[in-house]
Amino acid sequence: MEKDRKYKALKKQIFTSGDYSVVPIRFEDRYDIMKWRNEQIYHLRQHKLLTKEEQDNYFSEIVSSLFDQEKPDQILFSYLNNDVCIGYGGLVHINWRDLHAEVSFLMQTDLEARYFGFHWDTFLELIQIVAFGKLGLNKIFTYAFDVRPSLYSILENAGFLKEAILNEHCLFDNKYIAVVIHSAFADNLRLVKANSDHIEITYRWASDYEIRRYSFNQDQISYEDHSRWFLSKINSKTCHYFIAMFKGEEIGSVRIDVEGEFGTISYLLDRKVQGRGLGAILLSSIEGRVRNFDTRIKILKGYVLPENIPSVKIFERLGYTSKRVKAGKLECKKEIS
């Protein structure tokens, strides 16, 4: 297999979130992948241990053929931390007529105990960009043996809905077990990590008076000042900054600044989508994801002006308690488990 092959089905090949990325599956990673599959055979649709000969044949005969197809039945990636492969996955059983596919992901075995949620969360963010943003799929889903219940909350926090439970569907360890299916759709609201490509859109939001009128600082800001501030935030180890996507468009942002055990939330929505209930979905989404990517945070809080009634109601609806603090602000606070 040639080095650094590219998928004909994709114009863009590499997708990145911080120090992590997915790249077209690399031939050099095949034995690591085989090792992890054999170690984790209990939750895979794999009935026997793989050999190096079988793995070589699979990559040479099956995987190699995927790159030159306009509509392959699977698109597989190596999942990297910087340039080191720590997992693999992709879209399998792709149905190009109905535009849906199954999500598959497997991480390095010794990462599962401590970093299971973090890596699943990161991979799901990246694979949704591929599926919805680049391939134009309408639906992606997971098909999971009911042996890892901790996976379900991670999927649901990433915007997947529990769609079906197939009871006694598979014979596992001499007994029948259920299969649980979670699905995400192209028109779901989803969060992607902010990057330098988002400077323009975030400056437009920051310059919009109707959006800023409930901000604590309502002074006009220059593009240069915004750019410096924005880049400092996305490169900070104490800030998690996300852009909200809805039907393929950026419709808002949400940021969590971390100090000790506190995470302070700041969010906004584009004027064109305000009043449609997306604020509550946005806050609920970030609250779910924070459990997976930053264990430092025990308490979430947000500050709003009392006259910003819609935001006050959203925080209260999600279980935050509010009290008036200095400068006339309301502090909305909630413990997270």
# chains A, B, ... in the order shown; residues from 1 in each chain; ligands from 1
call {"tool": "residues_around", "arguments": {"residues": "region 253-257 of chain A", "least_positions_apart": "6", "cutoff": "7 Å", "atoms": "only C-alpha atoms", "output": "PyMOL selection string"}}
result
chain A and resi 238-244+263-269
call {"tool": "residues_around", "arguments": {"residues": "region 188-192 of chain A", "least_positions_apart": "5", "cutoff": "8 Å", "atoms": "only C-alpha atoms", "output": "MDAnalysis selection string"}}
result
chainID A and resid 125 158:159 242:247 281:282 285:286
call {"tool": "write_last_selection", "arguments": {"atoms": "all heavy atoms", "output": "compact mmCIF listing (two decimals), in the first residue's frame"}}
result
# COMPACT_ATOMS: atom_id res chain seq x y z
N GLU A 125 -16.58 14.33 17.44
CA GLU A 125 -16.57 15.68 16.87
C GLU A 125 -15.99 15.65 15.46
O GLU A 125 -16.55 16.22 14.52
CB GLU A 125 -15.75 16.63 17.74
CG GLU A 125 -15.62 18.02 17.15
CD GLU A 125 -14.60 18.88 17.87
OE1 GLU A 125 -14.44 18.73 19.09
OE2 GLU A 125 -13.96 19.72 17.20
N ALA A 158 -22.77 14.09 22.99
CA ALA A 158 -22.23 14.55 21.70
C ALA A 158 -23.34 14.76 20.68
O ALA A 158 -23.05 15.01 19.51
CB ALA A 158 -21.21 13.54 21.17
N GLY A 159 -24.61 14.66 21.10
CA GLY A 159 -25.71 14.95 20.19
C GLY A 159 -26.37 13.74 19.57
O GLY A 159 -27.26 13.90 18.73
N PHE A 242 -16.05 26.62 21.75
CA PHE A 242 -16.73 25.83 20.73
C PHE A 242 -17.59 26.74 19.84
O PHE A 242 -18.13 27.75 20.30
CB PHE A 242 -17.64 24.78 21.36
CG PHE A 242 -16.89 23.69 22.09
CD1 PHE A 242 -16.56 23.84 23.42
CD2 PHE A 242 -16.54 22.53 21.44
CE1 PHE A 242 -15.87 22.85 24.10
CE2 PHE A 242 -15.86 21.51 22.10
CZ PHE A 242 -15.52 21.69 23.43
N ILE A 243 -17.72 26.34 18.60
CA ILE A 243 -18.64 26.96 17.66
C ILE A 243 -19.83 26.01 17.49
O ILE A 243 -19.64 24.80 17.32
CB ILE A 243 -17.97 27.21 16.29
CG1 ILE A 243 -16.74 28.11 16.46
CG2 ILE A 243 -18.97 27.83 15.31
CD1 ILE A 243 -17.03 29.50 17.00
N ALA A 244 -21.03 26.57 17.56
CA ALA A 244 -22.24 25.77 17.38
C ALA A 244 -22.60 25.72 15.90
O ALA A 244 -22.68 26.76 15.24
CB ALA A 244 -23.39 26.37 18.18
N MET A 245 -22.81 24.51 15.39
CA MET A 245 -23.20 24.29 14.00
C MET A 245 -24.63 23.78 13.96
O MET A 245 -25.02 22.93 14.75
CB MET A 245 -22.28 23.25 13.34
CG MET A 245 -20.80 23.57 13.41
SD MET A 245 -20.32 24.97 12.38
CE MET A 245 -20.73 24.34 10.74
N PHE A 246 -25.40 24.31 13.01
CA PHE A 246 -26.78 23.86 12.85
C PHE A 246 -27.11 23.88 11.36
O PHE A 246 -26.99 24.90 10.70
CB PHE A 246 -27.74 24.79 13.61
CG PHE A 246 -29.18 24.36 13.61
CD1 PHE A 246 -29.55 23.17 14.20
CD2 PHE A 246 -30.15 25.14 13.01
CE1 PHE A 246 -30.88 22.75 14.22
CE2 PHE A 246 -31.49 24.74 13.02
CZ PHE A 246 -31.85 23.54 13.62
N LYS A 247 -27.44 22.70 10.84
CA LYS A 247 -27.72 22.54 9.41
C LYS A 247 -26.57 23.07 8.55
O LYS A 247 -26.77 23.72 7.53
CB LYS A 247 -29.04 23.22 9.04
CG LYS A 247 -30.25 22.61 9.73
CD LYS A 247 -31.55 23.19 9.26
CE LYS A 247 -32.73 22.47 9.92
NZ LYS A 247 -34.04 22.99 9.49
N ILE A 281 -30.49 24.23 24.16
CA ILE A 281 -29.80 23.07 23.60
C ILE A 281 -28.29 23.29 23.63
O ILE A 281 -27.52 22.39 23.94
CB ILE A 281 -30.27 22.82 22.15
CG1 ILE A 281 -31.77 22.50 22.14
CG2 ILE A 281 -29.49 21.67 21.51
CD1 ILE A 281 -32.37 22.40 20.75
N LEU A 282 -27.87 24.53 23.32
CA LEU A 282 -26.45 24.86 23.31
C LEU A 282 -25.84 24.68 24.69
O LEU A 282 -24.80 24.03 24.86
CB LEU A 282 -26.27 26.30 22.82
CG LEU A 282 -24.85 26.86 22.73
CD1 LEU A 282 -24.01 26.02 21.79
CD2 LEU A 282 -24.89 28.30 22.25
N SER A 285 -25.73 21.05 25.74
CA SER A 285 -24.69 20.31 25.02
C SER A 285 -23.33 20.53 25.65
O SER A 285 -22.57 19.58 25.85
CB SER A 285 -24.66 20.76 23.55
OG SER A 285 -25.86 20.44 22.90
N ILE A 286 -22.99 21.78 25.97
CA ILE A 286 -21.67 22.04 26.55
C ILE A 286 -21.57 21.45 27.95
O ILE A 286 -20.52 20.95 28.36
CB ILE A 286 -21.34 23.55 26.56
CG1 ILE A 286 -19.86 23.78 26.89
CG2 ILE A 286 -22.20 24.32 27.53
CD1 ILE A 286 -18.91 23.23 25.86
call {"tool": "residues_around", "arguments": {"residues": "Asp225 (chain A)", "least_positions_apart": "5", "cutoff": "12 Å", "atoms": "only C-alpha atoms", "output": "VMD selection string"}}
result
chain A and resid 199 203 206 to 207 220 230 to 232
call {"tool": "closest_residue", "arguments": {"among": "A:Arg97, A:His182, A:Arg276, A:Lys175", "to": "Lys162 (chain A)", "atoms": "only C-alpha atoms"}}
result
A:His182
call {"tool": "select_by_dssp", "arguments": {"residues": "region 99-134 of chain A", "states": "alpha helix (DSSP H)", "output": "list in words"}}
result
Glu112, Ala113, Arg114, Tyr115, Phe116, Gly117, Phe118, His119, Trp120, Asp121, Thr122, Phe123, Leu124, Glu125, Leu126, Ile127 and Gln128 of chain A
call {"tool": "write_last_selection", "arguments": {"atoms": "C-alpha atoms", "output": "PDB file, in the first residue's frame"}}
result
ATOM      1  CA  GLU A 112      -9.740   3.186  27.962  1.00  0.00           C
ATOM      2  CA  ALA A 113      -9.669   3.303  31.758  1.00  0.00           C
ATOM      3  CA  ARG A 114      -8.804   7.003  32.192  1.00  0.00           C
ATOM      4  CA  TYR A 115      -9.462   8.677  28.840  1.00  0.00           C
ATOM      5  CA  PHE A 116     -12.395   6.767  27.371  1.00  0.00           C
ATOM      6  CA  GLY A 117     -14.786   9.740  27.393  1.00  0.00           C
ATOM      7  CA  PHE A 118     -12.231  12.259  26.155  1.00  0.00           C
ATOM      8  CA  HIS A 119     -11.175  10.267  23.090  1.00  0.00           C
ATOM      9  CA  TRP A 120     -14.688   9.192  22.133  1.00  0.00           C
ATOM     10  CA  ASP A 121     -15.804  12.823  22.446  1.00  0.00           C
ATOM     11  CA  THR A 122     -12.920  14.077  20.277  1.00  0.00           C
ATOM     12  CA  PHE A 123     -13.390  11.382  17.644  1.00  0.00           C
ATOM     13  CA  LEU A 124     -17.154  11.969  17.436  1.00  0.00           C
ATOM     14  CA  GLU A 125     -16.570  15.680  16.869  1.00  0.00           C
ATOM     15  CA  LEU A 126     -14.177  14.936  13.997  1.00  0.00           C
ATOM     16  CA  ILE A 127     -16.245  12.187  12.375  1.00  0.00           C
ATOM     17  CA  GLN A 128     -19.346  14.397  12.363  1.00  0.00           C
TER      18      GLN A 128
END
call {"tool": "residues_around", "arguments": {"residues": "Arg37 (chain A)", "least_positions_apart": "5", "cutoff": "12 Å", "atoms": "only C-alpha atoms", "output": "compact mmCIF listing (two decimals) with C-alpha atoms, in the first residue's frame"}}
result
# COMPACT_ATOMS: atom_id res chain seq x y z
CA ARG A 30 -2.03 -2.03 10.91
CA TYR A 31 -0.33 -4.17 13.58
CA ASP A 32 -1.20 -1.75 16.41
CA TYR A 42 -15.29 -8.72 23.61
CA HIS A 43 -17.15 -5.69 22.22
CA LEU A 44 -16.40 -6.18 18.51
CA ARG A 45 -18.09 -8.13 15.74
CA GLN A 46 -14.94 -10.22 15.48
CA HIS A 47 -15.11 -13.92 16.25
CA LYS A 48 -11.46 -14.92 16.49
CA LEU A 49 -8.04 -13.42 17.08
CA LEU A 50 -6.48 -11.83 14.01
CA THR A 51 -3.08 -12.87 12.68
CA GLN A 55 -4.19 -8.18 8.77
CA GLY A 87 -6.78 4.58 17.73
CA TYR A 88 -8.65 4.11 14.51
CA GLY A 89 -12.18 4.32 13.20
CA PHE A 105 -14.07 3.67 16.73
CA LEU A 106 -11.44 1.79 18.73
CA MET A 107 -8.76 3.39 20.90
CA GLN A 108 -5.49 2.08 22.27
CA THR A 109 -6.45 -0.36 25.01
call {"tool": "closest_residue", "arguments": {"among": "A:Arg296, A:Lys323, A:Lys35, A:Lys139", "to": "Phe262 (chain A)", "atoms": "only C-alpha atoms"}}
result
A:Arg296
call {"tool": "residues_around", "arguments": {"residues": "Arg271 (chain A)", "least_positions_apart": "2", "cutoff": "8 Å", "atoms": "only C-alpha atoms", "output": "PyMOL selection string"}}
result
chain A and resi 210-211+269+273-274
call {"tool": "write_last_selection", "arguments": {"atoms": "N, CA and C atoms", "output": "compact mmCIF listing (two decimals), in the first residue's frame"}}
result
# COMPACT_ATOMS: atom_id res chain seq x y z
N GLU A 210 -27.14 44.14 18.40
CA GLU A 210 -28.26 43.39 18.96
C GLU A 210 -27.78 42.20 19.78
N ILE A 211 -26.64 41.64 19.41
CA ILE A 211 -26.07 40.53 20.19
C ILE A 211 -25.35 41.07 21.42
N LEU A 269 -25.81 33.56 20.45
CA LEU A 269 -26.43 33.00 19.25
C LEU A 269 -26.56 34.08 18.19
N VAL A 273 -31.07 33.03 14.41
CA VAL A 273 -31.62 31.82 15.02
C VAL A 273 -32.15 32.07 16.42
N GLN A 274 -32.12 33.28 16.88
CA GLN A 274 -32.62 33.56 18.23
C GLN A 274 -34.13 33.35 18.29
call {"tool": "atom_distance", "arguments": {"atom1": "CA of Tyr223 (chain A)", "atom2": "CA of Trp205 (chain A)"}}
result
11.6 Å
call {"tool": "select_by_dssp", "arguments": {"residues": "region 140-240 of chain A", "states": "strand (DSSP E)", "output": "ChimeraX atom specification"}}
result
/A:140-145,161-172,175-185,190-193,239-240
call {"tool": "atom_distance", "arguments": {"atom1": "CA of Lys301 (chain A)", "atom2": "CA of Trp229 (chain A)"}}
result
21.5 Å
